[in-house]
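Colleague: protein-v7.pdb is reproduced below (PDB, C-alpha atoms, pLDDT in the B column).
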```pdb
ATOM      1  CA  MET T 178     -26.775  46.695 131.395  1.00 44.00           C
ATOM      2  CA  THR T 179     -28.924  43.629 131.939  1.00 48.00           C
ATOM      3  CA  SER T 180     -32.171  43.852 133.831  1.00 50.00           C
ATOM      4  CA  GLN T 181     -32.744  41.876 137.031  1.00 51.00           C
ATOM      5  CA  PRO T 182     -34.235  38.437 136.278  1.00 50.00           C
ATOM      6  CA  ALA T 183     -37.771  37.928 137.496  1.00 50.00           C
ATOM      7  CA  ALA T 184     -38.442  35.598 140.446  1.00 53.00           C
ATOM      8  CA  LEU T 185     -39.038  32.047 139.306  1.00 55.00           C
ATOM      9  CA  PRO T 186     -42.167  30.096 140.232  1.00 53.00           C
ATOM     10  CA  SER T 187     -41.745  28.038 143.398  1.00 53.00           C
ATOM     11  CA  GLU T 188     -43.545  24.964 142.014  1.00 53.00           C
ATOM     12  CA  PRO T 189     -41.417  22.688 139.798  1.00 55.00           C
ATOM     13  CA  ASP T 190     -43.101  21.969 136.483  1.00 65.00           C
ATOM     14  CA  SER T 191     -42.726  19.298 133.818  1.00 74.00           C
ATOM     15  CA  SER T 192     -39.623  20.905 132.308  1.00 78.00           C
ATOM     16  CA  MET T 193     -37.740  19.986 135.487  1.00 84.00           C
ATOM     17  CA  GLN T 194     -38.206  16.279 134.726  1.00 88.00           C
ATOM     18  CA  GLU T 195     -35.165  16.427 132.454  1.00 87.00           C
ATOM     19  CA  TYR T 196     -33.106  17.834 135.321  1.00 89.00           C
ATOM     20  CA  TYR T 197     -34.231  15.134 137.739  1.00 91.00           C
ATOM     21  CA  GLN T 198     -33.428  12.481 135.128  1.00 91.00           C
ATOM     22  CA  LEU T 199     -29.922  13.927 134.758  1.00 91.00           C
ATOM     23  CA  GLN T 200     -29.494  13.836 138.541  1.00 91.00           C
ATOM     24  CA  GLU T 201     -30.595  10.193 138.692  1.00 93.00           C
ATOM     25  CA  GLU T 202     -28.349   9.202 135.807  1.00 92.00           C
ATOM     26  CA  LEU T 203     -25.302  10.898 137.331  1.00 93.00           C
ATOM     27  CA  LEU T 204     -25.991   9.151 140.631  1.00 93.00           C
ATOM     28  CA  LYS T 205     -26.443   5.781 138.927  1.00 94.00           C
ATOM     29  CA  VAL T 206     -23.216   6.081 136.886  1.00 94.00           C
ATOM     30  CA  THR T 207     -21.296   7.251 139.974  1.00 94.00           C
ATOM     31  CA  LEU T 208     -22.493   4.256 141.985  1.00 94.00           C
ATOM     32  CA  ILE T 209     -21.636   1.815 139.186  1.00 95.00           C
ATOM     33  CA  LEU T 210     -18.148   3.328 138.791  1.00 95.00           C
ATOM     34  CA  THR T 211     -17.684   3.231 142.565  1.00 95.00           C
ATOM     35  CA  GLY T 212     -18.553  -0.459 142.681  1.00 96.00           C
ATOM     36  CA  VAL T 213     -16.214  -1.356 139.807  1.00 96.00           C
ATOM     37  CA  VAL T 214     -13.275   0.660 141.161  1.00 96.00           C
ATOM     38  CA  PHE T 215     -13.876  -0.565 144.748  1.00 96.00           C
ATOM     39  CA  VAL T 216     -13.631  -4.219 143.696  1.00 96.00           C
ATOM     40  CA  SER T 217     -10.606  -3.507 141.475  1.00 96.00           C
ATOM     41  CA  VAL T 218      -8.759  -1.704 144.269  1.00 96.00           C
ATOM     42  CA  TRP T 219      -9.652  -4.489 146.709  1.00 96.00           C
ATOM     43  CA  ILE T 220      -8.171  -7.069 144.309  1.00 96.00           C
ATOM     44  CA  PHE T 221      -5.055  -5.169 143.228  1.00 95.00           C
ATOM     45  CA  TYR T 222      -4.229  -3.254 146.461  1.00 93.00           C
ATOM     46  CA  SER T 223      -5.909  -4.095 149.762  1.00 94.00           C
ATOM     47  CA  LEU T 224      -9.220  -3.909 151.567  1.00 95.00           C
ATOM     48  CA  ASN T 225      -7.993  -0.971 153.660  1.00 94.00           C
ATOM     49  CA  VAL T 226      -7.220   1.159 150.585  1.00 95.00           C
ATOM     50  CA  ALA T 227     -10.510   0.059 148.991  1.00 96.00           C
ATOM     51  CA  LEU T 228     -12.474   1.145 152.072  1.00 96.00           C
ATOM     52  CA  ASN T 229     -10.665   4.489 152.004  1.00 95.00           C
ATOM     53  CA  TYR T 230     -11.675   4.843 148.361  1.00 96.00           C
ATOM     54  CA  LEU T 231     -15.258   3.950 149.265  1.00 96.00           C
ATOM     55  CA  LEU T 232     -15.338   6.650 151.943  1.00 95.00           C
ATOM     56  CA  GLY T 233     -14.168   9.223 149.394  1.00 95.00           C
ATOM     57  CA  ALA T 234     -16.689   8.031 146.814  1.00 96.00           C
ATOM     58  CA  CYS T 235     -19.554   8.273 149.332  1.00 95.00           C
ATOM     59  CA  THR T 236     -18.414  11.808 150.163  1.00 95.00           C
ATOM     60  CA  GLY T 237     -18.466  12.591 146.445  1.00 94.00           C
ATOM     61  CA  VAL T 238     -22.016  11.248 146.090  1.00 94.00           C
ATOM     62  CA  VAL T 239     -23.240  13.364 149.018  1.00 94.00           C
ATOM     63  CA  TYR T 240     -21.398  16.371 147.579  1.00 94.00           C
ATOM     64  CA  LEU T 241     -23.058  15.857 144.179  1.00 93.00           C
ATOM     65  CA  ARG T 242     -26.498  15.578 145.817  1.00 93.00           C
ATOM     66  CA  MET T 243     -25.902  18.803 147.748  1.00 92.00           C
ATOM     67  CA  LEU T 244     -24.722  20.593 144.591  1.00 92.00           C
ATOM     68  CA  ALA T 245     -27.742  19.331 142.630  1.00 92.00           C
ATOM     69  CA  ARG T 246     -30.127  20.470 145.390  1.00 91.00           C
ATOM     70  CA  ASN T 247     -28.461  23.882 145.462  1.00 90.00           C
ATOM     71  CA  VAL T 248     -28.820  24.233 141.686  1.00 90.00           C
ATOM     72  CA  ALA T 249     -32.480  23.142 141.867  1.00 89.00           C
ATOM     73  CA  GLN T 250     -33.185  25.784 144.530  1.00 87.00           C
ATOM     74  CA  LEU T 251     -31.316  28.558 142.715  1.00 84.00           C
ATOM     75  CA  GLY T 252     -33.748  31.328 141.829  1.00 79.00           C
ATOM     76  CA  ARG T 253     -36.548  29.742 143.917  1.00 78.00           C
ATOM     77  CA  GLU T 254     -35.692  29.535 147.616  1.00 77.00           C
ATOM     78  CA  ARG T 255     -32.109  30.806 147.273  1.00 75.00           C
ATOM     79  CA  LYS T 256     -30.597  33.745 145.442  1.00 75.00           C
ATOM     80  CA  LYS T 257     -27.006  32.486 145.484  1.00 75.00           C
ATOM     81  CA  LEU T 258     -25.126  29.224 145.518  1.00 76.00           C
ATOM     82  CA  GLY T 259     -24.021  28.175 148.989  1.00 75.00           C
ATOM     83  CA  SER T 260     -20.593  26.755 149.797  1.00 79.00           C
ATOM     84  CA  ALA T 261     -21.515  24.528 152.746  1.00 84.00           C
ATOM     85  CA  ARG T 262     -20.777  21.434 150.679  1.00 86.00           C
ATOM     86  CA  LEU T 263     -17.079  22.345 150.660  1.00 88.00           C
ATOM     87  CA  ALA T 264     -17.103  21.747 154.430  1.00 91.00           C
ATOM     88  CA  LEU T 265     -17.762  18.091 153.643  1.00 91.00           C
ATOM     89  CA  ILE T 266     -14.498  17.552 151.776  1.00 91.00           C
ATOM     90  CA  ILE T 267     -12.600  19.719 154.295  1.00 92.00           C
ATOM     91  CA  GLY T 268     -13.854  17.541 157.163  1.00 93.00           C
ATOM     92  CA  VAL T 269     -12.986  14.286 155.411  1.00 93.00           C
ATOM     93  CA  ILE T 270      -9.471  15.419 154.395  1.00 92.00           C
ATOM     94  CA  ILE T 271      -8.730  16.705 157.914  1.00 92.00           C
ATOM     95  CA  ALA T 272      -9.987  13.426 159.394  1.00 93.00           C
ATOM     96  CA  ALA T 273      -7.794  11.512 156.920  1.00 92.00           C
ATOM     97  CA  SER T 274      -4.741  13.533 157.943  1.00 89.00           C
ATOM     98  CA  ARG T 275      -5.431  13.031 161.674  1.00 90.00           C
ATOM     99  CA  LEU T 276      -6.350   9.347 161.764  1.00 90.00           C
ATOM    100  CA  ASP T 277      -3.750   6.672 161.050  1.00 87.00           C
ATOM    101  CA  GLN T 278      -6.300   4.300 159.484  1.00 88.00           C
ATOM    102  CA  LEU T 279      -7.232   6.776 156.751  1.00 90.00           C
ATOM    103  CA  GLN T 280      -5.144   7.816 153.748  1.00 91.00           C
ATOM    104  CA  ILE T 281      -5.564  11.051 151.840  1.00 91.00           C
ATOM    105  CA  MET T 282      -4.917   9.949 148.257  1.00 92.00           C
ATOM    106  CA  PRO T 283      -7.495   7.093 148.015  1.00 93.00           C
ATOM    107  CA  ILE T 284     -10.107   9.307 149.673  1.00 94.00           C
ATOM    108  CA  PHE T 285      -9.407  12.204 147.326  1.00 93.00           C
ATOM    109  CA  LEU T 286      -9.426   9.974 144.243  1.00 94.00           C
ATOM    110  CA  GLY T 287     -12.653   8.382 145.486  1.00 94.00           C
ATOM    111  CA  PHE T 288     -14.152  11.836 145.850  1.00 94.00           C
ATOM    112  CA  LEU T 289     -13.323  12.511 142.192  1.00 93.00           C
ATOM    113  CA  THR T 290     -15.399   9.496 141.072  1.00 94.00           C
ATOM    114  CA  PHE T 291     -18.441  11.710 140.547  1.00 92.00           C
ATOM    115  CA  LYS T 292     -16.360  13.803 138.158  1.00 92.00           C
ATOM    116  CA  ALA T 293     -15.649  10.700 136.090  1.00 93.00           C
ATOM    117  CA  ALA T 294     -19.413  10.132 135.947  1.00 92.00           C
ATOM    118  CA  VAL T 295     -19.942  13.706 134.732  1.00 92.00           C
ATOM    119  CA  ILE T 296     -17.264  13.263 132.043  1.00 92.00           C
ATOM    120  CA  PHE T 297     -18.867   9.942 131.036  1.00 92.00           C
ATOM    121  CA  TYR T 298     -22.267  11.639 130.715  1.00 90.00           C
ATOM    122  CA  MET T 299     -20.798  14.519 128.679  1.00 89.00           C
ATOM    123  CA  LEU T 300     -19.000  12.126 126.330  1.00 90.00           C
ATOM    124  CA  ARG T 301     -22.109   9.981 125.918  1.00 89.00           C
ATOM    125  CA  THR T 302     -24.338  12.939 125.066  1.00 86.00           C
ATOM    126  CA  THR T 303     -21.682  14.336 122.712  1.00 86.00           C
ATOM    127  CA  ILE T 304     -21.085  11.097 120.841  1.00 87.00           C
ATOM    128  CA  LEU T 305     -24.724   9.935 120.926  1.00 81.00           C
ATOM    129  CA  PRO T 306     -26.721  13.209 121.005  1.00 72.00           C
ATOM    130  CA  SER T 307     -29.996  11.518 120.043  1.00 64.00           C
ATOM    131  CA  SER T 308     -30.126   9.386 123.203  1.00 54.00           C
ATOM    132  CA  ASP T 309     -30.128  12.256 125.768  1.00 49.00           C
TER     133      ASP T 309
ATOM    134  CA  MET X 222       8.924  21.573 162.291  1.00 79.00           C
ATOM    135  CA  ASN X 223      11.481  24.065 160.982  1.00 87.00           C
ATOM    136  CA  PRO X 224       9.969  27.588 161.456  1.00 90.00           C
ATOM    137  CA  THR X 225      10.901  28.598 157.900  1.00 92.00           C
ATOM    138  CA  VAL X 226       9.170  25.517 156.467  1.00 91.00           C
ATOM    139  CA  ALA X 227       6.145  26.139 158.691  1.00 91.00           C
ATOM    140  CA  ALA X 228       5.862  29.775 157.588  1.00 93.00           C
ATOM    141  CA  ALA X 229       6.316  28.874 153.921  1.00 93.00           C
ATOM    142  CA  SER X 230       3.673  26.137 154.224  1.00 93.00           C
ATOM    143  CA  VAL X 231       1.121  28.469 155.776  1.00 94.00           C
ATOM    144  CA  LEU X 232       1.780  31.092 153.094  1.00 95.00           C
ATOM    145  CA  ALA X 233       1.548  28.478 150.340  1.00 95.00           C
ATOM    146  CA  ALA X 234      -1.738  27.171 151.772  1.00 94.00           C
ATOM    147  CA  ALA X 235      -3.193  30.670 151.865  1.00 95.00           C
ATOM    148  CA  LEU X 236      -2.124  31.326 148.272  1.00 95.00           C
ATOM    149  CA  ALA X 237      -3.429  27.941 147.086  1.00 94.00           C
ATOM    150  CA  VAL X 238      -6.920  28.600 148.432  1.00 93.00           C
ATOM    151  CA  GLY X 239      -7.008  32.344 147.820  1.00 94.00           C
ATOM    152  CA  LEU X 240      -5.732  32.401 144.250  1.00 94.00           C
ATOM    153  CA  GLY X 241      -7.387  29.083 143.379  1.00 92.00           C
ATOM    154  CA  ALA X 242     -10.826  30.370 144.350  1.00 92.00           C
ATOM    155  CA  ILE X 243     -10.749  33.587 142.304  1.00 94.00           C
ATOM    156  CA  GLY X 244     -11.272  32.082 138.847  1.00 94.00           C
ATOM    157  CA  PRO X 245     -13.938  29.507 139.770  1.00 93.00           C
ATOM    158  CA  GLY X 246     -15.712  32.120 141.913  1.00 92.00           C
ATOM    159  CA  ILE X 247     -16.034  34.536 139.012  1.00 94.00           C
ATOM    160  CA  GLY X 248     -16.995  31.715 136.658  1.00 94.00           C
ATOM    161  CA  GLN X 249     -19.652  30.296 138.969  1.00 92.00           C
ATOM    162  CA  GLY X 250     -21.173  33.711 139.551  1.00 91.00           C
ATOM    163  CA  ASN X 251     -21.366  34.389 135.824  1.00 94.00           C
ATOM    164  CA  ALA X 252     -22.766  30.939 135.030  1.00 93.00           C
ATOM    165  CA  ALA X 253     -25.432  31.036 137.752  1.00 91.00           C
ATOM    166  CA  GLY X 254     -26.512  34.576 136.868  1.00 91.00           C
ATOM    167  CA  GLN X 255     -26.794  33.796 133.169  1.00 93.00           C
ATOM    168  CA  ALA X 256     -28.657  30.553 133.898  1.00 92.00           C
ATOM    169  CA  VAL X 257     -31.266  32.281 136.075  1.00 90.00           C
ATOM    170  CA  GLU X 258     -31.668  34.964 133.432  1.00 92.00           C
ATOM    171  CA  GLY X 259     -32.084  32.276 130.781  1.00 93.00           C
ATOM    172  CA  ILE X 260     -34.728  30.478 132.849  1.00 91.00           C
ATOM    173  CA  ALA X 261     -36.616  33.745 133.346  1.00 91.00           C
ATOM    174  CA  ARG X 262     -36.605  34.272 129.570  1.00 93.00           C
ATOM    175  CA  GLN X 263     -37.426  30.666 128.653  1.00 91.00           C
ATOM    176  CA  PRO X 264     -39.177  28.883 131.534  1.00 90.00           C
ATOM    177  CA  GLU X 265     -39.990  25.912 129.290  1.00 90.00           C
ATOM    178  CA  ALA X 266     -36.247  25.124 129.011  1.00 90.00           C
ATOM    179  CA  GLU X 267     -35.689  25.210 132.777  1.00 89.00           C
ATOM    180  CA  GLY X 268     -34.705  21.561 133.136  1.00 89.00           C
ATOM    181  CA  LYS X 269     -32.151  21.726 130.337  1.00 90.00           C
ATOM    182  CA  ILE X 270     -30.649  24.987 131.617  1.00 92.00           C
ATOM    183  CA  ARG X 271     -30.381  23.720 135.197  1.00 91.00           C
ATOM    184  CA  GLY X 272     -28.822  20.454 133.970  1.00 92.00           C
ATOM    185  CA  THR X 273     -26.194  22.330 132.000  1.00 92.00           C
ATOM    186  CA  LEU X 274     -25.552  24.563 135.017  1.00 92.00           C
ATOM    187  CA  LEU X 275     -25.104  21.520 137.266  1.00 92.00           C
ATOM    188  CA  LEU X 276     -22.534  19.980 134.915  1.00 92.00           C
ATOM    189  CA  SER X 277     -20.697  23.303 134.530  1.00 93.00           C
ATOM    190  CA  LEU X 278     -20.578  23.888 138.276  1.00 92.00           C
ATOM    191  CA  ALA X 279     -19.319  20.345 138.878  1.00 91.00           C
ATOM    192  CA  PHE X 280     -16.391  21.084 136.564  1.00 90.00           C
ATOM    193  CA  MET X 281     -15.720  24.577 137.897  1.00 91.00           C
ATOM    194  CA  GLU X 282     -15.882  23.770 141.575  1.00 89.00           C
ATOM    195  CA  ALA X 283     -13.329  20.984 141.160  1.00 90.00           C
ATOM    196  CA  LEU X 284     -10.687  23.674 140.596  1.00 91.00           C
ATOM    197  CA  THR X 285     -11.432  25.186 144.000  1.00 91.00           C
ATOM    198  CA  ILE X 286     -11.305  21.725 145.551  1.00 92.00           C
ATOM    199  CA  TYR X 287      -7.853  21.035 144.102  1.00 92.00           C
ATOM    200  CA  GLY X 288      -6.493  24.184 145.764  1.00 93.00           C
ATOM    201  CA  LEU X 289      -8.314  23.309 148.963  1.00 92.00           C
ATOM    202  CA  VAL X 290      -6.831  19.818 149.122  1.00 92.00           C
ATOM    203  CA  VAL X 291      -3.315  21.132 148.460  1.00 93.00           C
ATOM    204  CA  ALA X 292      -3.764  23.678 151.261  1.00 93.00           C
ATOM    205  CA  LEU X 293      -5.132  21.085 153.701  1.00 91.00           C
ATOM    206  CA  VAL X 294      -2.280  18.687 152.945  1.00 92.00           C
ATOM    207  CA  LEU X 295       0.248  21.479 153.522  1.00 92.00           C
ATOM    208  CA  LEU X 296      -1.377  22.389 156.829  1.00 91.00           C
ATOM    209  CA  PHE X 297      -2.235  18.982 158.298  1.00 89.00           C
ATOM    210  CA  ALA X 298      -0.052  16.395 156.534  1.00 86.00           C
ATOM    211  CA  ASN X 299       2.946  18.420 155.436  1.00 85.00           C
ATOM    212  CA  PRO X 300       5.386  16.209 153.491  1.00 86.00           C
ATOM    213  CA  PHE X 301       8.247  18.673 154.139  1.00 85.00           C
ATOM    214  CA  ALA X 302       7.885  18.680 157.925  1.00 77.00           C
TER     215      ALA X 302
END
```
Spell out the structure here as C-alpha cells.
Modeller:
Amino acid sequence: MTSQPAALPSEPDSSMQEYYQLQEELLKVTLILTGVVFVSVWIFYSLNVALNYLLGACTGVVYLRMLARNVAQLGRERKKLGSARLALIIGVIIAASRLDQLQIMPIFLGFLTFKAAVIFYMLRTTILPSSD
Amino acid sequence: MNPTVAAASVLAAALAVGLGAIGPGIGQGNAAGQAVEGIARQPEAEGKIRGTLLLSLAFMEALTIYGLVVALVLLFANPFA
C-alpha cells in the first residue's frame, strides 16, 4: 500500500524552469515542422489541402498547450487530469466531416505534427543526452 | 444508409472508443499518480518529472485519439454508407 502523496506547493520554483523550457522547445519544433510541411504540401498538392493541414496543426498546438497546462497544474490546483482537450479534436473532426471545404485526413495528419515534435525531442535527447 | 451497415457502424464506433480508452486510461492514471508521488518525494526534481510526464501523456493519449477519430469517421463520414 502506498501512502497518499502530500499536497504540492502552489508556487512554482526554479526546478520548474526545465519544464517550461521543454514546453517552449516542443512548441518551437512543432511550429517549425508545421511551416516546412505546410509549404511542402502547398507545392506538391494544393493550397486547399495545405490550409486543411494548417488547421489540424494549429489544433495540435492548442491541444499540446492545454495538455502542458494540465500537467503543470496536476497536484497543485487539480487532483486529476481533465479530458476537455479531447473536445477540441472532436469538434474539428466533426466540422471536417460536415463541411465540404474541409478534409479529414489532412486535418488529422496536421494534428499529429506535435507528436512528430515529441518524437524529435525524444530522439535528440537520446542521441545527444548532454545537450538536454 | 442500409440499416445493417448503420447498426454495425454505431457498434463499431462504440467499441473503438470504449475499448481504445481502457488501456490509455489505466496508463495515464498510473503515470500521473506515480509522478505526483515522485514530486512529493523529490520536489527538487519537479521540472524533470513533469516534463517526462508530459511526454508520456502525449504518447499515451494519442492511442485514445486514434480510436476517437475512427469512431467519428464511422459516425459522420462513413465510407460504407
Colleague: For chain X, work out the contacting residues on chain T at 10 Å, counting all atoms listed in the file, and write them as a short mmCIF file (atom, residue, chain, number, x, y, z; two decimals) with C-alpha atoms, in the coordinates of the input.
Modeller:
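Saved the output as selection.cif:
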```cif
data_model
loop_
_atom_site.label_atom_id
_atom_site.label_comp_id
_atom_site.auth_asym_id
_atom_site.auth_seq_id
_atom_site.Cartn_x
_atom_site.Cartn_y
_atom_site.Cartn_z
CA THR T 179 -28.92 43.63 131.94
CA SER T 180 -32.17 43.85 133.83
CA GLN T 181 -32.74 41.88 137.03
CA PRO T 182 -34.24 38.44 136.28
CA ALA T 183 -37.77 37.93 137.50
CA ALA T 184 -38.44 35.60 140.45
CA LEU T 185 -39.04 32.05 139.31
CA PRO T 186 -42.17 30.10 140.23
CA PRO T 189 -41.42 22.69 139.80
CA ASP T 190 -43.10 21.97 136.48
CA SER T 191 -42.73 19.30 133.82
CA SER T 192 -39.62 20.90 132.31
CA MET T 193 -37.74 19.99 135.49
CA GLN T 194 -38.21 16.28 134.73
CA GLU T 195 -35.16 16.43 132.45
CA TYR T 196 -33.11 17.83 135.32
CA TYR T 197 -34.23 15.13 137.74
CA GLN T 198 -33.43 12.48 135.13
CA LEU T 199 -29.92 13.93 134.76
CA GLN T 200 -29.49 13.84 138.54
CA LEU T 203 -25.30 10.90 137.33
CA TYR T 240 -21.40 16.37 147.58
CA LEU T 241 -23.06 15.86 144.18
CA LEU T 244 -24.72 20.59 144.59
CA ALA T 245 -27.74 19.33 142.63
CA ARG T 246 -30.13 20.47 145.39
CA ASN T 247 -28.46 23.88 145.46
CA VAL T 248 -28.82 24.23 141.69
CA ALA T 249 -32.48 23.14 141.87
CA GLN T 250 -33.18 25.78 144.53
CA LEU T 251 -31.32 28.56 142.72
CA GLY T 252 -33.75 31.33 141.83
CA ARG T 253 -36.55 29.74 143.92
CA LYS T 256 -30.60 33.74 145.44
CA LYS T 257 -27.01 32.49 145.48
CA LEU T 258 -25.13 29.22 145.52
CA SER T 260 -20.59 26.76 149.80
CA LEU T 263 -17.08 22.34 150.66
CA ILE T 266 -14.50 17.55 151.78
CA ILE T 267 -12.60 19.72 154.29
CA ILE T 270 -9.47 15.42 154.40
CA ILE T 271 -8.73 16.70 157.91
CA ALA T 272 -9.99 13.43 159.39
CA ALA T 273 -7.79 11.51 156.92
CA SER T 274 -4.74 13.53 157.94
CA ARG T 275 -5.43 13.03 161.67
CA ILE T 281 -5.56 11.05 151.84
CA PHE T 285 -9.41 12.20 147.33
CA LEU T 289 -13.32 12.51 142.19
CA PHE T 291 -18.44 11.71 140.55
CA LYS T 292 -16.36 13.80 138.16
CA VAL T 295 -19.94 13.71 134.73
CA ILE T 296 -17.26 13.26 132.04
CA TYR T 298 -22.27 11.64 130.72
CA MET T 299 -20.80 14.52 128.68
#
```
Colleague: Near Thr225 in chain X, within 12 Å and counting all atoms listed in the file, which residues show up once chain neighbours fewer than 6 positions away are dropped, as a list in words?
Modeller: Val231, Leu232, Phe301 and Ala302 of chain X
Colleague: Since we have the selection now, will you write its residues out, keeping C-alpha atoms, as a PDB file, in the coordinates of the input?
Modeller:
```pdb
ATOM      1  CA  VAL X 231       1.121  28.469 155.776  1.00 94.00           C
ATOM      2  CA  LEU X 232       1.780  31.092 153.094  1.00 95.00           C
ATOM      3  CA  PHE X 301       8.247  18.673 154.139  1.00 85.00           C
ATOM      4  CA  ALA X 302       7.885  18.680 157.925  1.00 77.00           C
TER       5      ALA X 302
END
```
Colleague: So which residues fall inside 7 Å of (-16.2, 11.0, 150.5) if we count only C-alpha atoms? Mind giving them as number ranges by chain?
Modeller: T: 232-237, 266, 269, 284, 287-288
Colleague: To one decimal place in Å, what is the distance between CA of Pro283 in chain T and CA of Asn229 in chain T?
Modeller: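 Result for CA of Pro283 in chain T versus CA of Asn229 in chain T: 5.7 Å, one decimal.
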